[in-house]
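Have a look at the structure below, then the notes.
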Amino acid sequence: MTPPAPFPAPEHPRTAPLSIHDMTVAYARRPVLWDIDYDAPPGKLIALIGPNGSGKTTLLKAVLDLVATVSGTVRFFGEAYKTARGRVGYVPQRGSVDWDFPVSALDVVAMGLYRKIGWCRPVARRHKEQAREALARVGMRDYARRQISQLSGGQQQRVFLARALAQEADLYLMDEPFAGVDASTERAIVALLQDLRAAGKTAIVVHHDLQTVTEYFDEVILLNMRLIAAGPVDEAFTTENLRKTYGGKLALLDEVGHKMTLSEGEPR
Amino acid sequence: MSDRLVDFLLLRDYTTRWALLGTVSLGIAAGVVGAFMLLRKRSLVGDVVSHAALPGVAIAFLVMEVRAAGGGRWLPGLLVGAAAAGFAGVLSATFIRRFTRLKEDATLAVVLGVFYGVGVSLFSIAERITSGMGAIEDFTLGAVHSIVAGDVALIAGAALLVLLTCGALFKEFTLLCFDPEFAATRGWPVGMLDVGLMGLVVAVAVIGLQSVGLLLMVAMLITPAAAARFWTDDIRRMALIAALLGGLGAFCGVFASHLVPKLSAGATIVLAGSSLFAVSLLFGTRRGVAWRMLEHRRLARRIAREHLLRACYEALEAERGGAFANKPAAFADHPLPIERIVELREWTRRQLERKLFAAEREELSRRDAQRRWMLTKAGAVAAAQAVRNHRLWELYLIHYADIAPSHVDRDADRIEHVLGPEIVAELERQLVEREPRLAAIPASPHEIEAAAADR
């Protein structure tokens, strides 16, 4: 075996779907993310949690080159985002677009294929078929021709997921897919995440519902401008770490702590 | 008057023919580009471009006049100047927005003012040192009848080029307008696409300077697109309809100005376009005011019908108790306890009668020989469905709502759509437990699953 590498250590393991090294992001000279260091394990469902304004969305946008970083490097499967983007699927927050836009659900999903289709070429029948399959995977096949404003919030969220699925990526970055969705959509998303994991894919999901973290995810990242902790849920998702992340919101923490003590002893 | 009409329709008059060709092709191109600008939420950029073009026209005139006296009116030269200045205008607005914290509307206002001010000053200088530059009004308000054959080739050629570009980049522009951030993550050069779209706006605005003038150019761009939005929910059709409306507006406008001499065609074109917009606003099939009112009435009627059916069902249920348990159809053809319904609801007898007559028209209720009201079979089934939905919904609110108010999609009209099969099954179980005699009502049709299985 090779001896432990001397300084500098291998910065970005090639196996990591996402590897962040020393990343700092600032808006108008005020840092919002400090020295983030993180390697995502492959084939896991990873929750990214933290209070409002803790930089969860900014973290996703920064690794996707949507927001300029002040320092640090990011690699996807050992490569820069520019060369790895085909393997990375992004599901933005539902509120980031105008749902009154005159396109159908199928049109939106097909957008995930545009890069593959290439410049100036129309969306061919086989692309539409692929988009339809992606819609079917989120239980929305029957809504393909629906104009997007006529979909419910949960259905819109599923359309966004399908757009990323159509791209057939290996790593999915999802920004609050569970926010404001109905119960059946929540179930559909959970089932989809499990499918993805079974297929060896990785998903990093911004999540706001602490109650479901242990149930839905394998790993957790706790973020509050700094990386507080990251790792398997049963190691990193501790009351202590939550307290560091969420600060004074004790009522919430007690509730979660209570829930966790209750679930202890039960096999996971 | 009729001679003029015939002249116009037969395109006998050269001036009119060229004016018509030029403005109609402009209208078509402007409609399509305007559709994208509208969807990119940059409707006012067209206004900035056309105003910013003015100093370019003046500078081009001065340069050409210096090179050869009297050569300053050469149209292609003027248009190149206009295009350069218009482009400089949007680019400076873009830069200011990007590198300062000013918002888009403020940057547009500032840039428009600066460029237009410079343009007006340059025009007065040009007028003083040369003669025959032509009035500034020709560019601010347009002069359709100054269009000659040579100009038309230029205008139509530019319009065609704009249309071809829009066609080739249709999917790229759609993505840019819908979700630029996602486009960027997928590697599309969003900045370049935006510049390209601006370029098309500049092209349209510049060729429109001569016919409709810079003041009304923005109307030419945005009005047809805004009108088209009232007719369709599909971006391809929207672009097509905007093109048609733009062309039609231009045609009608030139026609009107031909019929009424001395009426500026630039103004009539925009007025014609605005009339088309007004018609679309009122009668558009997608979100026109008339349709919306109709739909609202339909919804109100549906809700009233459900209230009535539920009241009938519950009154019968209370009256008969377990007598016809478990068979919604048994509720049909039984005289309705009118007094009880009136008591149950805060309706007067008259109101109730009116509702029953409305239901009769839909064959949900009927009267027997003694003129007693009763539900038809269809009415009883619909009533059972309404009652079931209502009760499950109430149960849900009682037992689950405090846990997950955000998990409910109230837009769906059947409870299964709202809550999903497992929760519905659980609620049904609870409902049966609480009120065993109602067991039959929640005979869930589960239409969705059945339909999905068929496929």
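Residue names in the structure tokens use chain letters A, B, ... in the order shown, residue numbers from 1 in each chain, and ligand numbers from 1 in the order shown.
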
Considering only C-alpha atoms, extract the chain A residues located within 6 Å of chain B and return them as a PyMOL selection string. chain A and resi 102-103+120+180-184

Write out, as a compact mmCIF listing (two decimals), in the first residue's frame, the residues just selected, with C-alpha atoms.
# COMPACT_ATOMS: atom_id res chain seq x y z
CA PRO A 102 -46.42 29.62 -21.72
CA VAL A 103 -44.90 26.14 -21.89
CA CYS A 120 -30.38 25.32 -33.29
CA GLY A 180 -44.60 23.28 0.25
CA VAL A 181 -45.48 20.07 -1.56
CA ASP A 182 -48.49 17.85 -0.93
CA ALA A 183 -48.23 14.48 0.76
CA SER A 184 -48.34 12.44 -2.42

Can you pull out every residue within 12 Å of Ile155 of chain B, counting only C-alpha atoms, but drop anything in the same chain fewer than 4 positions away, and send it as a PyMOL selection string? chain B and resi 18-30+75-76+79+147-151+159-162+203-211

So the first atom is atom CA of Arg163 of chain A and the second is atom CA of Glu79 of chain A; what is the distance between them in Å, to one decimal place? 23.2 Å

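Backbone DSSP over segment 51-217 of chain A yields strand (DSSP E or B) at A:Ser71, A:Gly72, A:Thr73, A:Val74, A:Arg75, A:Phe76, A:Glu79, A:Val88, A:Gly89, A:Tyr90, A:Val91, A:Ser104, A:Gln147, A:Leu171, A:Tyr172, A:Leu173, A:Met174, A:Thr202, A:Ala203, A:Ile204, A:Val205, A:Val206.
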
Quick one: pick out all helix (DSSP H, G or I) residues within segment 105-215 of chain A from a backbone DSSP run and write them as a PyMOL selection string. chain A and resi 105-117+125-137+141-143+148-150+153-166+183-198+210-215

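Proximity ranking of A:Arg115, A:Arg145, A:His127, A:His12 relative to Tyr38 of chain A places A:His12 first, based on only C-alpha atoms.
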
Shortest contact to Leu106 of chain A, candidates A:Lys244, A:Arg94, A:Arg85, A:Arg132, atoms counted only C-alpha atoms, goes to A:Arg132

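You can rank A:Leu210, A:Val123, A:Ala131, A:Ile189 by their closest distance to Gly50 of chain A using only C-alpha atoms, and at the top of that list sits A:Leu210.
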
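Atom CA of Ala191 of chain A is positioned 28.7 Å from atom CA of Ile228 of chain A.
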
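The coordinates place atom CA of Leu395 of chain B at 24.8 Å from atom CA of Arg340 of chain B.
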
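Nearest to Ile221 of chain A of all the residues A:Gly95, A:Gly153, A:Pro41, A:Pro122 is A:Pro41, counting only C-alpha atoms.
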
Give me the residues within 9 Å of Leu281 of chain B as an NGL selection string, counting only C-alpha atoms and dropping any in the same chain fewer than 5 places off. :B and (226-227 or 230 or 276 or 287-290)

Near Leu48 of chain A, within 9 Å and counting only C-alpha atoms, which residues show up once chain neighbours fewer than 2 positions away are dropped, as a PyMOL selection string? chain A and resi 46+50+56+204-208+219-223

As an MDAnalysis selection string, please: the residues near Ala40 of chain A (cut-off 8 Å, only C-alpha atoms, same-chain neighbours under 5 positions excluded). chainID A and resid 16:19
